[in-house]
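Asks: File run-v4.txt follows (compact mmCIF, C-alpha atoms):
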```
# COMPACT_ATOMS: atom_id res chain seq x y z
CA MET A 1 79.43 159.21 -9.89
CA LYS A 2 81.59 157.77 -7.15
CA LEU A 3 83.18 154.86 -9.08
CA LEU A 4 84.41 157.25 -11.75
CA LYS A 5 85.63 159.84 -9.24
CA ASP A 6 87.65 157.11 -7.49
CA LYS A 7 89.21 156.08 -10.81
CA VAL A 8 90.16 159.68 -11.59
CA LYS A 9 91.69 160.01 -8.12
CA SER A 10 93.63 156.76 -8.25
CA GLU A 11 94.67 156.63 -11.92
CA GLY A 12 94.36 160.13 -13.39
CA LEU A 13 97.65 161.92 -14.06
CA VAL A 14 97.84 165.69 -14.13
CA LEU A 15 100.26 166.86 -16.82
CA ALA A 16 101.34 170.41 -17.54
CA LYS A 17 98.84 173.10 -18.61
CA GLY A 18 95.60 171.66 -17.32
CA VAL A 19 95.84 168.31 -19.09
CA LEU A 20 94.36 165.34 -17.24
CA LYS A 21 95.61 162.00 -18.55
CA VAL A 22 93.14 159.15 -18.09
CA ASP A 23 94.51 156.74 -20.65
CA SER A 24 94.50 153.77 -18.29
CA PHE A 25 90.69 153.55 -18.13
CA LEU A 26 89.03 155.93 -20.61
CA ASN A 27 91.14 157.11 -23.55
CA HIS A 28 93.43 154.31 -24.66
CA GLN A 29 93.02 151.39 -22.28
CA MET A 30 89.39 151.08 -21.22
CA ASP A 31 87.75 149.42 -18.26
CA PRO A 32 84.63 147.69 -19.64
CA PHE A 33 82.89 147.48 -16.24
CA LEU A 34 83.34 151.19 -15.71
CA MET A 35 81.98 151.79 -19.23
CA ARG A 36 78.91 149.72 -18.42
CA GLU A 37 78.33 151.69 -15.22
CA ILE A 38 78.70 154.93 -17.17
CA GLY A 39 76.03 153.69 -19.59
CA ARG A 40 73.70 152.85 -16.71
CA GLU A 41 74.27 156.24 -15.08
CA PHE A 42 73.48 158.17 -18.27
CA LYS A 43 70.39 156.03 -18.76
CA SER A 44 69.11 156.89 -15.30
CA ARG A 45 69.82 160.60 -15.77
CA PHE A 46 68.14 160.85 -19.19
CA ALA A 47 65.43 158.21 -18.70
CA ASP A 48 62.62 160.78 -19.05
CA GLU A 49 63.90 162.35 -22.27
CA ARG A 50 62.41 159.90 -24.81
CA ILE A 51 65.80 159.49 -26.52
CA THR A 52 65.68 157.93 -29.99
CA LYS A 53 69.41 157.95 -30.75
CA VAL A 54 72.79 158.45 -29.12
CA LEU A 55 75.39 160.49 -31.00
CA THR A 56 79.08 160.62 -30.17
CA ILE A 57 82.39 161.33 -31.89
CA GLU A 58 85.30 159.01 -32.63
CA SER A 59 87.29 157.59 -30.93
CA SER A 60 87.03 157.93 -27.14
CA GLY A 61 83.30 158.62 -27.15
CA ILE A 62 82.45 155.26 -28.72
CA ALA A 63 82.78 153.00 -25.67
CA PRO A 64 80.69 155.15 -23.29
CA GLY A 65 78.34 155.83 -26.23
CA ILE A 66 77.67 152.18 -27.09
CA MET A 67 77.05 151.30 -23.42
CA THR A 68 74.60 154.21 -23.08
CA ALA A 69 72.86 153.19 -26.31
CA LEU A 70 72.57 149.62 -25.03
CA GLU A 71 70.92 150.79 -21.80
CA LEU A 72 68.58 153.20 -23.59
CA GLU A 73 67.82 150.55 -26.25
CA VAL A 74 68.50 152.86 -29.20
CA PRO A 75 71.20 152.94 -31.93
CA LEU A 76 74.52 154.76 -31.52
CA ILE A 77 75.96 156.95 -34.28
CA PHE A 78 79.55 158.12 -34.13
CA ALA A 79 80.60 161.22 -36.05
CA ARG A 80 83.80 160.87 -38.05
CA LYS A 81 86.60 163.41 -37.77
CA GLN A 82 88.77 164.35 -40.72
CA LYS A 83 91.16 167.12 -41.62
CA SER A 84 89.46 167.90 -44.91
CA LEU A 85 87.06 166.12 -47.15
CA THR A 86 85.30 166.11 -50.47
CA LEU A 87 81.81 167.37 -49.78
CA THR A 88 78.88 165.31 -50.87
CA GLU A 89 75.16 165.88 -50.48
CA ASP A 90 74.76 162.83 -48.29
CA ILE A 91 76.44 164.08 -45.14
CA PHE A 92 76.08 166.73 -42.47
CA VAL A 93 79.38 168.55 -41.87
CA GLU A 94 80.48 170.90 -39.10
CA LYS A 95 83.87 172.39 -38.28
CA VAL A 96 85.28 171.73 -34.83
CA TYR A 97 88.40 173.38 -33.46
CA SER A 98 90.54 171.41 -31.01
CA PHE A 99 92.42 173.63 -28.55
CA THR A 100 94.52 170.66 -27.41
CA LYS A 101 95.67 169.72 -30.91
CA ARG A 102 95.45 173.26 -32.30
CA GLU A 103 93.71 172.11 -35.46
CA THR A 104 90.31 172.31 -37.06
CA ASN A 105 88.61 169.08 -38.03
CA GLU A 106 85.52 168.51 -40.03
CA ILE A 107 83.08 166.19 -38.32
CA THR A 108 80.57 164.32 -40.43
CA VAL A 109 77.42 162.27 -40.01
CA SER A 110 75.55 160.54 -42.80
CA LYS A 111 72.18 162.21 -43.41
CA LYS A 112 70.35 158.91 -43.47
CA PHE A 113 70.88 158.28 -39.75
CA ILE A 114 69.23 161.31 -38.15
CA ALA A 115 65.64 162.03 -39.13
CA PRO A 116 63.62 165.19 -38.42
CA GLY A 117 61.89 164.98 -35.05
CA GLU A 118 64.35 162.57 -33.45
CA ARG A 119 65.50 163.19 -29.88
CA VAL A 120 69.24 162.78 -29.79
CA LEU A 121 71.46 162.34 -26.71
CA ILE A 122 75.02 163.57 -27.28
CA ILE A 123 77.72 161.69 -25.35
CA ASP A 124 81.41 162.59 -25.12
CA ASP A 125 84.34 161.68 -22.92
CA PHE A 126 85.54 165.21 -22.08
CA LEU A 127 84.05 168.69 -21.94
CA ALA A 128 86.47 171.63 -21.92
CA ASN A 129 85.65 174.45 -24.34
CA GLY A 130 82.57 172.74 -25.70
CA GLU A 131 83.69 172.76 -29.33
CA ALA A 132 82.89 169.09 -30.02
CA ALA A 133 79.56 169.21 -28.16
CA PHE A 134 78.44 172.32 -30.07
CA GLY A 135 79.55 170.75 -33.38
CA LEU A 136 77.50 167.63 -32.67
CA ALA A 137 74.52 169.75 -31.56
CA ARG A 138 74.66 171.75 -34.81
CA ILE A 139 74.56 168.49 -36.77
CA VAL A 140 71.48 167.32 -34.84
CA GLU A 141 69.81 170.67 -35.52
CA GLN A 142 70.78 170.63 -39.21
CA ALA A 143 68.86 167.33 -39.38
CA GLY A 144 65.72 168.96 -37.94
CA ALA A 145 66.08 166.79 -34.84
CA SER A 146 66.46 168.02 -31.27
CA VAL A 147 69.20 167.68 -28.70
CA ALA A 148 67.55 165.85 -25.80
CA GLY A 149 70.65 166.28 -23.66
CA ILE A 150 74.42 166.24 -23.48
CA GLY A 151 76.15 163.62 -21.32
CA ILE A 152 79.82 164.11 -20.46
CA VAL A 153 82.08 161.65 -18.67
CA ILE A 154 84.62 164.18 -17.32
CA GLU A 155 83.92 167.91 -17.26
CA LYS A 156 86.68 170.43 -16.75
CA SER A 157 84.48 172.91 -14.95
CA PHE A 158 87.20 175.58 -14.97
CA GLN A 159 86.95 175.88 -18.76
CA PRO A 160 84.12 177.68 -20.57
CA GLY A 161 82.26 174.71 -22.16
CA ARG A 162 79.75 174.15 -19.36
CA GLY A 163 78.70 177.79 -19.15
CA LEU A 164 78.32 178.11 -22.90
CA LEU A 165 76.22 174.95 -23.26
CA LEU A 166 73.91 175.94 -20.38
CA GLU A 167 73.58 179.45 -21.78
CA ALA A 168 72.56 177.96 -25.12
CA GLY A 169 69.77 176.11 -23.29
CA TYR A 170 71.05 172.54 -23.44
CA ARG A 171 70.49 170.03 -20.67
CA LEU A 172 73.95 168.98 -19.52
CA GLU A 173 74.84 166.05 -17.25
CA SER A 174 78.51 165.51 -16.36
CA LEU A 175 79.43 162.41 -14.37
CA VAL A 176 82.51 163.98 -12.83
CA ARG A 177 83.23 167.70 -12.53
CA ILE A 178 86.75 168.95 -12.03
CA ALA A 179 87.17 172.33 -10.35
CA SER A 180 90.91 172.63 -10.95
CA LEU A 181 94.09 170.80 -11.87
CA ASP A 182 96.38 173.31 -10.18
CA ASP A 183 99.64 172.17 -8.57
CA GLY A 184 99.35 168.72 -10.15
CA GLN A 185 96.26 167.92 -8.05
CA VAL A 186 92.72 167.02 -9.12
CA ALA A 187 90.14 169.07 -7.19
CA PHE A 188 86.50 168.11 -7.75
CA VAL A 189 83.52 170.45 -7.79
CA GLU A 190 81.66 169.99 -4.50
CA GLU A 191 78.19 168.71 -5.35
CA THR A 192 75.30 169.53 -3.07
CA PRO A 193 73.67 166.17 -2.29
CA MET B 1 76.73 133.85 -36.46
CA LYS B 2 73.18 133.94 -37.76
CA LEU B 3 72.09 137.34 -36.37
CA LEU B 4 75.06 139.03 -38.02
CA LYS B 5 74.59 137.17 -41.31
CA ASP B 6 70.95 138.32 -41.38
CA LYS B 7 72.04 141.93 -40.80
CA VAL B 8 74.59 141.73 -43.63
CA LYS B 9 71.89 140.27 -45.90
CA SER B 10 69.24 142.82 -45.03
CA GLU B 11 71.31 146.00 -44.57
CA GLY B 12 74.69 145.48 -46.28
CA LEU B 13 75.19 147.38 -49.53
CA VAL B 14 77.61 146.14 -52.16
CA LEU B 15 79.40 149.06 -53.80
CA ALA B 16 81.83 148.94 -56.70
CA LYS B 17 85.14 147.05 -56.46
CA GLY B 18 84.43 144.62 -53.66
CA VAL B 19 83.39 147.21 -51.07
CA LEU B 20 80.69 146.12 -48.62
CA LYS B 21 79.01 149.03 -46.87
CA VAL B 22 77.67 148.17 -43.41
CA ASP B 23 77.42 151.65 -41.99
CA SER B 24 73.87 151.18 -40.71
CA PHE B 25 74.90 148.70 -37.99
CA LEU B 26 78.70 148.40 -37.71
CA ASN B 27 80.78 151.28 -39.07
CA HIS B 28 78.95 154.53 -38.45
CA GLN B 29 75.56 153.78 -36.93
CA MET B 30 75.86 150.83 -34.54
CA ASP B 31 73.31 148.41 -33.18
CA PRO B 32 74.19 147.97 -29.49
CA PHE B 33 72.32 144.65 -29.14
CA LEU B 34 74.20 143.21 -32.10
CA MET B 35 77.46 144.45 -30.54
CA ARG B 36 76.60 142.72 -27.28
CA GLU B 37 75.88 139.46 -29.13
CA ILE B 38 79.19 139.80 -30.99
CA GLY B 39 80.96 140.16 -27.62
CA ARG B 40 79.21 137.04 -26.31
CA GLU B 41 80.09 135.06 -29.43
CA PHE B 42 83.79 135.97 -29.25
CA LYS B 43 83.78 135.08 -25.57
CA SER B 44 82.40 131.63 -26.27
CA ARG B 45 84.89 131.03 -29.09
CA PHE B 46 87.95 132.13 -27.12
CA ALA B 47 86.83 131.04 -23.63
CA ASP B 48 89.67 128.50 -23.32
CA GLU B 49 92.45 130.89 -24.30
CA ARG B 50 93.13 132.53 -20.90
CA ILE B 51 92.89 136.01 -22.45
CA THR B 52 94.30 138.83 -20.31
CA LYS B 53 93.57 141.74 -22.65
CA VAL B 54 91.63 142.66 -25.78
CA LEU B 55 93.37 144.84 -28.38
CA THR B 56 91.63 146.62 -31.25
CA ILE B 57 92.15 149.63 -33.49
CA GLU B 58 90.19 152.87 -33.72
CA SER B 59 87.45 153.53 -34.61
CA SER B 60 85.16 150.72 -35.78
CA GLY B 61 86.86 148.07 -33.67
CA ILE B 62 86.05 149.82 -30.40
CA ALA B 63 82.39 148.83 -30.02
CA PRO B 64 82.85 145.09 -30.71
CA GLY B 65 86.08 145.27 -28.70
CA ILE B 66 84.54 146.76 -25.55
CA MET B 67 81.67 144.25 -25.60
CA THR B 68 84.14 141.37 -25.97
CA ALA B 69 86.29 142.77 -23.15
CA LEU B 70 83.19 143.05 -20.94
CA GLU B 71 82.29 139.41 -21.54
CA LEU B 72 85.87 138.19 -21.01
CA GLU B 73 86.23 140.45 -17.94
CA VAL B 74 89.52 142.01 -19.09
CA PRO B 75 90.53 145.53 -20.21
CA LEU B 76 90.32 146.76 -23.80
CA ILE B 77 93.13 148.72 -25.44
CA PHE B 78 92.58 150.50 -28.72
CA ALA B 79 95.54 151.31 -30.95
CA ARG B 80 95.61 154.82 -32.33
CA LYS B 81 96.10 155.51 -36.02
CA GLN B 82 98.02 158.53 -37.26
CA LYS B 83 99.63 159.64 -40.48
CA SER B 84 102.95 160.43 -38.87
CA LEU B 85 104.15 161.02 -35.38
CA THR B 86 107.03 162.09 -33.21
CA LEU B 87 108.52 158.91 -31.88
CA THR B 88 108.92 158.54 -28.15
CA GLU B 89 110.26 155.65 -26.10
CA ASP B 90 106.91 155.09 -24.44
CA ILE B 91 105.00 153.62 -27.36
CA PHE B 92 105.02 150.61 -29.66
CA VAL B 93 104.68 151.68 -33.30
CA GLU B 94 103.93 149.67 -36.44
CA LYS B 95 103.19 150.76 -39.98
CA VAL B 96 99.92 149.60 -41.51
CA TYR B 97 99.00 150.08 -45.16
CA SER B 98 95.34 150.58 -46.03
CA PHE B 99 94.43 149.31 -49.52
CA THR B 100 91.03 151.02 -49.29
CA LYS B 101 92.43 154.44 -48.44
CA ARG B 102 95.76 153.92 -50.24
CA GLU B 103 97.75 155.33 -47.37
CA THR B 104 100.13 154.12 -44.70
CA ASN B 105 99.29 154.88 -41.09
CA GLU B 106 101.33 154.42 -38.01
CA ILE B 107 99.47 152.57 -35.30
CA THR B 108 100.55 153.06 -31.72
CA VAL B 109 100.00 151.50 -28.31
CA SER B 110 101.43 152.80 -25.06
CA LYS B 111 104.06 150.39 -23.70
CA LYS B 112 102.58 150.47 -20.23
CA PHE B 113 99.45 148.60 -21.26
CA ILE B 114 100.88 145.32 -22.62
CA ALA B 115 103.22 143.39 -20.34
CA PRO B 116 105.44 140.44 -21.28
CA GLY B 117 103.60 137.14 -20.93
CA GLU B 118 100.11 138.56 -21.49
CA ARG B 119 97.68 136.68 -23.73
CA VAL B 120 96.07 139.21 -26.05
CA LEU B 121 92.96 138.76 -28.16
CA ILE B 122 92.94 140.98 -31.27
CA ILE B 123 89.48 142.14 -32.42
CA ASP B 124 88.68 144.01 -35.62
CA ASP B 125 85.59 144.77 -37.66
CA PHE B 126 86.88 143.68 -41.08
CA LEU B 127 89.54 141.34 -42.44
CA ALA B 128 90.61 141.81 -46.05
CA ASN B 129 94.37 141.85 -46.68
CA GLY B 130 95.23 141.40 -43.02
CA GLU B 131 97.35 144.53 -42.74
CA ALA B 132 95.74 145.83 -39.54
CA ALA B 133 95.65 142.40 -37.87
CA PHE B 134 99.33 141.81 -38.64
CA GLY B 135 100.23 145.30 -37.38
CA LEU B 136 98.41 144.67 -34.10
CA ALA B 137 100.02 141.22 -33.79
CA ARG B 138 103.49 142.72 -34.27
CA ILE B 139 102.76 145.19 -31.46
CA VAL B 140 101.73 142.33 -29.13
CA GLU B 141 104.92 140.46 -30.02
CA GLN B 142 107.10 143.57 -29.58
CA ALA B 143 105.72 143.67 -26.03
CA GLY B 144 106.84 140.09 -25.38
CA ALA B 145 103.20 139.05 -25.07
CA SER B 146 101.44 136.46 -27.21
CA VAL B 147 98.52 136.64 -29.61
CA ALA B 148 95.92 134.33 -28.11
CA GLY B 149 93.67 134.73 -31.13
CA ILE B 150 92.26 137.06 -33.75
CA GLY B 151 88.51 137.71 -33.84
CA ILE B 152 87.00 139.32 -36.91
CA VAL B 153 83.41 140.51 -37.33
CA ILE B 154 83.27 140.29 -41.16
CA GLU B 155 85.88 138.42 -43.19
CA LYS B 156 86.24 138.93 -46.92
CA SER B 157 87.34 135.39 -47.59
CA PHE B 158 88.16 136.16 -51.22
CA GLN B 159 91.02 138.42 -50.14
CA PRO B 160 94.39 137.14 -48.88
CA GLY B 161 94.21 138.11 -45.16
CA ARG B 162 92.76 134.83 -43.88
CA GLY B 163 95.31 132.65 -45.65
CA LEU B 164 98.22 134.79 -44.53
CA LEU B 165 97.13 134.84 -40.86
CA LEU B 166 96.57 131.06 -40.77
CA GLU B 167 99.91 130.48 -42.49
CA ALA B 168 101.57 132.63 -39.80
CA GLY B 169 100.07 130.27 -37.21
CA TYR B 170 97.44 132.51 -35.65
CA ARG B 171 94.10 131.24 -34.41
CA LEU B 172 91.47 133.11 -36.42
CA GLU B 173 87.73 133.25 -35.74
CA SER B 174 85.53 135.22 -38.14
CA LEU B 175 81.86 135.64 -37.29
CA VAL B 176 80.77 136.03 -40.90
CA ARG B 177 82.76 134.90 -43.95
CA ILE B 178 82.01 136.38 -47.35
CA ALA B 179 82.91 134.28 -50.38
CA SER B 180 82.26 136.98 -52.97
CA LEU B 181 80.64 140.32 -53.66
CA ASP B 182 80.33 139.76 -57.39
CA ASP B 183 77.39 141.21 -59.32
CA GLY B 184 76.33 143.34 -56.37
CA GLN B 185 75.42 140.25 -54.32
CA VAL B 186 76.76 139.00 -51.00
CA ALA B 187 77.64 135.30 -51.17
CA PHE B 188 78.62 133.67 -47.86
CA VAL B 189 81.17 130.89 -47.39
CA GLU B 190 79.24 127.68 -46.77
CA GLU B 191 80.19 126.47 -43.29
CA THR B 192 80.18 122.77 -42.54
CA PRO B 193 78.02 122.43 -39.42
```
Can the structure from this file be put into structure tokens for me?

Replies:
Amino acid sequence: MKLLKDKVKSEGLVLAKGVLKVDSFLNHQMDPFLMREIGREFKSRFADERITKVLTIESSGIAPGIMTALELEVPLIFARKQKSLTLTEDIFVEKVYSFTKRETNEITVSKKFIAPGERVLIIDDFLANGEAAFGLARIVEQAGASVAGIGIVIEKSFQPGRGLLLEAGYRLESLVRIASLDDGQVAFVEETP
Amino acid sequence: MKLLKDKVKSEGLVLAKGVLKVDSFLNHQMDPFLMREIGREFKSRFADERITKVLTIESSGIAPGIMTALELEVPLIFARKQKSLTLTEDIFVEKVYSFTKRETNEITVSKKFIAPGERVLIIDDFLANGEAAFGLARIVEQAGASVAGIGIVIEKSFQPGRGLLLEAGYRLESLVRIASLDDGQVAFVEETP
């Protein structure tokens, strides 16, 4: 997706240890026109998947998620993240480890919002190790629904998430793929046209 | 806003102690068409305010916030919430007490995203005691910018937030105003047409 690639080039900051900071348009300040284009792009990529719901995780997944849901004309659900919680029978819970924050969160979705047989599109802002995407996928599967696809805004292709998700059989679409962040530079994966 | 009022009537659940649960369309599962209409409504109400930025707070403010930012053609910033943090010089910080969760959070916004002289529209999903709205307003004022208005999706008019914000001189627009949640029923404030 050219518009997004241009934004990463012009506004992305490479910090130490493979961290790409995109807080001027995706993670803290958000460009609403870019979000709308992201929604349109995911819609065109997953148009044939008969999606019934979009699922994302708070907080940075919500803006791309709601725009995708708008284009696909289905509801958005966002999973909540918490350090620990009192379990109840009404929610699906999965543990997700964050390598960046070095902590495990529990992510939750109310059982009433995913029904057996639904076709759920998972959307997230970043893919690195795949922890969040797998956690969301396990929730969809707990519900007896199926993962119709996984849509990622920025994929760090040099980390294991992509390989693991493909190996597990999921359909993965990443709008921008980053080959490396070495020497403070963003290098993109060359896509064959 | 009739569409929103109808949603609150048909899907809102009144729990104990003045809690209104709207997780089927606003707080957990979200209706993207309703969000778009909310964005359009805020745009029409604040069209004359020369807004340069929309500011909200994670997580439930993000969807109405991004739709409002899209309509007003300005960026959205969402404040982050955390229990405690290492202070740095790069961020504005304010303390916000949550009566619902009985905890104080620090809300933060990066200094680079609000410049002196900007006209900021604050958007949030709920107004009760006004703690979050005041915290966001103090951040805008710390930046030397001004609060062009405060837009609320659902106002609990029986709690003190509205009175306090008006007394402080802010322009407040709430899309739905709830007079009471007594006896498990939602009663709306009667608006003079």

Asks: Quick one: superpose chain A onto chain B using all C-alpha atoms paired in order, least squares, and give it to me as a compact mmCIF listing (two decimals) with C-alpha atoms, in the frame of the given file.

Replies:
```
# COMPACT_ATOMS: atom_id res chain seq x y z
CA MET A 1 76.72 133.83 -36.47
CA LYS A 2 73.19 133.93 -37.79
CA LEU A 3 72.09 137.32 -36.37
CA LEU A 4 75.05 139.01 -38.02
CA LYS A 5 74.60 137.17 -41.32
CA ASP A 6 70.95 138.32 -41.40
CA LYS A 7 72.04 141.92 -40.81
CA VAL A 8 74.58 141.72 -43.63
CA LYS A 9 71.90 140.27 -45.92
CA SER A 10 69.23 142.82 -45.04
CA GLU A 11 71.31 145.99 -44.59
CA GLY A 12 74.69 145.47 -46.28
CA LEU A 13 75.19 147.38 -49.53
CA VAL A 14 77.61 146.15 -52.16
CA LEU A 15 79.40 149.08 -53.81
CA ALA A 16 81.82 148.94 -56.71
CA LYS A 17 85.13 147.04 -56.48
CA GLY A 18 84.41 144.62 -53.67
CA VAL A 19 83.38 147.20 -51.08
CA LEU A 20 80.69 146.11 -48.63
CA LYS A 21 79.01 149.03 -46.88
CA VAL A 22 77.68 148.18 -43.42
CA ASP A 23 77.42 151.67 -42.00
CA SER A 24 73.88 151.19 -40.70
CA PHE A 25 74.92 148.70 -37.99
CA LEU A 26 78.71 148.40 -37.72
CA ASN A 27 80.78 151.29 -39.09
CA HIS A 28 78.96 154.55 -38.46
CA GLN A 29 75.58 153.77 -36.93
CA MET A 30 75.87 150.84 -34.55
CA ASP A 31 73.33 148.42 -33.18
CA PRO A 32 74.20 147.96 -29.49
CA PHE A 33 72.33 144.65 -29.15
CA LEU A 34 74.21 143.21 -32.09
CA MET A 35 77.47 144.46 -30.53
CA ARG A 36 76.61 142.70 -27.28
CA GLU A 37 75.88 139.46 -29.14
CA ILE A 38 79.19 139.80 -30.98
CA GLY A 39 80.94 140.15 -27.61
CA ARG A 40 79.21 137.03 -26.30
CA GLU A 41 80.09 135.06 -29.43
CA PHE A 42 83.79 135.96 -29.24
CA LYS A 43 83.79 135.09 -25.56
CA SER A 44 82.40 131.63 -26.27
CA ARG A 45 84.88 131.03 -29.09
CA PHE A 46 87.95 132.13 -27.11
CA ALA A 47 86.82 131.03 -23.63
CA ASP A 48 89.67 128.50 -23.32
CA GLU A 49 92.46 130.89 -24.30
CA ARG A 50 93.12 132.53 -20.90
CA ILE A 51 92.88 136.02 -22.45
CA THR A 52 94.29 138.83 -20.31
CA LYS A 53 93.57 141.74 -22.66
CA VAL A 54 91.64 142.65 -25.78
CA LEU A 55 93.37 144.83 -28.37
CA THR A 56 91.64 146.61 -31.23
CA ILE A 57 92.16 149.64 -33.47
CA GLU A 58 90.19 152.87 -33.70
CA SER A 59 87.44 153.55 -34.61
CA SER A 60 85.15 150.72 -35.77
CA GLY A 61 86.86 148.06 -33.67
CA ILE A 62 86.05 149.81 -30.39
CA ALA A 63 82.39 148.82 -30.00
CA PRO A 64 82.85 145.09 -30.70
CA GLY A 65 86.10 145.28 -28.68
CA ILE A 66 84.55 146.77 -25.54
CA MET A 67 81.68 144.25 -25.60
CA THR A 68 84.15 141.36 -25.96
CA ALA A 69 86.29 142.77 -23.14
CA LEU A 70 83.20 143.05 -20.94
CA GLU A 71 82.30 139.40 -21.53
CA LEU A 72 85.87 138.19 -21.01
CA GLU A 73 86.24 140.45 -17.95
CA VAL A 74 89.52 142.00 -19.09
CA PRO A 75 90.54 145.54 -20.19
CA LEU A 76 90.31 146.74 -23.80
CA ILE A 77 93.13 148.70 -25.44
CA PHE A 78 92.58 150.48 -28.73
CA ALA A 79 95.54 151.30 -30.95
CA ARG A 80 95.61 154.83 -32.32
CA LYS A 81 96.12 155.51 -36.02
CA GLN A 82 98.01 158.53 -37.27
CA LYS A 83 99.61 159.65 -40.49
CA SER A 84 102.94 160.46 -38.88
CA LEU A 85 104.14 161.06 -35.40
CA THR A 86 107.00 162.14 -33.21
CA LEU A 87 108.51 158.96 -31.86
CA THR A 88 108.92 158.56 -28.16
CA GLU A 89 110.27 155.68 -26.11
CA ASP A 90 106.93 155.09 -24.44
CA ILE A 91 105.02 153.61 -27.35
CA PHE A 92 105.02 150.62 -29.65
CA VAL A 93 104.68 151.67 -33.30
CA GLU A 94 103.93 149.67 -36.43
CA LYS A 95 103.19 150.76 -39.99
CA VAL A 96 99.92 149.61 -41.53
CA TYR A 97 99.00 150.10 -45.17
CA SER A 98 95.33 150.58 -46.03
CA PHE A 99 94.45 149.33 -49.52
CA THR A 100 91.04 151.03 -49.31
CA LYS A 101 92.44 154.45 -48.45
CA ARG A 102 95.75 153.93 -50.25
CA GLU A 103 97.76 155.34 -47.37
CA THR A 104 100.13 154.13 -44.71
CA ASN A 105 99.28 154.88 -41.10
CA GLU A 106 101.32 154.43 -38.02
CA ILE A 107 99.47 152.57 -35.30
CA THR A 108 100.56 153.05 -31.72
CA VAL A 109 100.00 151.49 -28.31
CA SER A 110 101.43 152.79 -25.06
CA LYS A 111 104.06 150.40 -23.69
CA LYS A 112 102.58 150.48 -20.22
CA PHE A 113 99.45 148.57 -21.25
CA ILE A 114 100.87 145.32 -22.61
CA ALA A 115 103.21 143.38 -20.34
CA PRO A 116 105.45 140.43 -21.28
CA GLY A 117 103.59 137.15 -20.94
CA GLU A 118 100.11 138.56 -21.48
CA ARG A 119 97.67 136.69 -23.73
CA VAL A 120 96.09 139.20 -26.04
CA LEU A 121 92.95 138.74 -28.17
CA ILE A 122 92.93 140.97 -31.26
CA ILE A 123 89.49 142.12 -32.42
CA ASP A 124 88.67 144.02 -35.62
CA ASP A 125 85.59 144.78 -37.66
CA PHE A 126 86.89 143.69 -41.09
CA LEU A 127 89.54 141.34 -42.43
CA ALA A 128 90.62 141.80 -46.05
CA ASN A 129 94.37 141.84 -46.67
CA GLY A 130 95.23 141.39 -43.02
CA GLU A 131 97.36 144.53 -42.73
CA ALA A 132 95.73 145.84 -39.54
CA ALA A 133 95.65 142.40 -37.88
CA PHE A 134 99.35 141.80 -38.63
CA GLY A 135 100.23 145.30 -37.37
CA LEU A 136 98.41 144.66 -34.09
CA ALA A 137 100.03 141.21 -33.79
CA ARG A 138 103.50 142.73 -34.27
CA ILE A 139 102.77 145.18 -31.45
CA VAL A 140 101.73 142.34 -29.13
CA GLU A 141 104.92 140.47 -30.02
CA GLN A 142 107.09 143.57 -29.58
CA ALA A 143 105.73 143.67 -26.01
CA GLY A 144 106.85 140.07 -25.37
CA ALA A 145 103.20 139.04 -25.08
CA SER A 146 101.42 136.45 -27.20
CA VAL A 147 98.52 136.63 -29.60
CA ALA A 148 95.91 134.31 -28.10
CA GLY A 149 93.68 134.72 -31.14
CA ILE A 150 92.26 137.06 -33.75
CA GLY A 151 88.50 137.70 -33.82
CA ILE A 152 87.00 139.32 -36.91
CA VAL A 153 83.42 140.50 -37.34
CA ILE A 154 83.27 140.30 -41.16
CA GLU A 155 85.88 138.42 -43.19
CA LYS A 156 86.23 138.93 -46.91
CA SER A 157 87.34 135.39 -47.58
CA PHE A 158 88.16 136.17 -51.22
CA GLN A 159 91.04 138.43 -50.14
CA PRO A 160 94.39 137.14 -48.88
CA GLY A 161 94.19 138.10 -45.15
CA ARG A 162 92.75 134.82 -43.88
CA GLY A 163 95.31 132.65 -45.65
CA LEU A 164 98.22 134.79 -44.51
CA LEU A 165 97.13 134.84 -40.86
CA LEU A 166 96.57 131.06 -40.78
CA GLU A 167 99.91 130.48 -42.48
CA ALA A 168 101.58 132.60 -39.81
CA GLY A 169 100.07 130.27 -37.20
CA TYR A 170 97.44 132.52 -35.65
CA ARG A 171 94.11 131.24 -34.41
CA LEU A 172 91.48 133.09 -36.41
CA GLU A 173 87.73 133.24 -35.73
CA SER A 174 85.53 135.22 -38.15
CA LEU A 175 81.86 135.63 -37.29
CA VAL A 176 80.78 136.01 -40.90
CA ARG A 177 82.74 134.90 -43.96
CA ILE A 178 82.02 136.38 -47.35
CA ALA A 179 82.91 134.28 -50.39
CA SER A 180 82.25 136.98 -52.97
CA LEU A 181 80.63 140.33 -53.66
CA ASP A 182 80.32 139.75 -57.40
CA ASP A 183 77.39 141.20 -59.34
CA GLY A 184 76.34 143.35 -56.38
CA GLN A 185 75.42 140.25 -54.34
CA VAL A 186 76.77 139.01 -51.01
CA ALA A 187 77.64 135.29 -51.17
CA PHE A 188 78.63 133.67 -47.87
CA VAL A 189 81.17 130.91 -47.38
CA GLU A 190 79.24 127.68 -46.76
CA GLU A 191 80.17 126.48 -43.28
CA THR A 192 80.11 122.79 -42.52
CA PRO A 193 77.95 122.46 -39.39
```

Asks: Could you tell me which of B:Arg102, B:Arg171, B:Lys21, B:Lys95 comes closest to Ile152 (chain B) if we count all atoms listed in the file?

Replies: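 Nearest candidate to Ile152 (chain B) out of B:Arg102, B:Arg171, B:Lys21, B:Lys95: B:Arg171.
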
Asks: What is the distance between CA of Ile107 (chain A) and CA of Ala47 (chain A), in Å to one decimal?

Replies: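 Pair CA of Ile107 (chain A) / CA of Ala47 (chain A) returns 27.6 Å.
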
Asks: My list of candidates is B:Lys17, B:Arg50, B:Arg119, B:Arg45. Which is closest to Ser180 (chain B) when distances are computed with all atoms listed in the file?

Replies: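 Among the listed residues, the smallest separation from Ser180 (chain B) belongs to B:Lys17.
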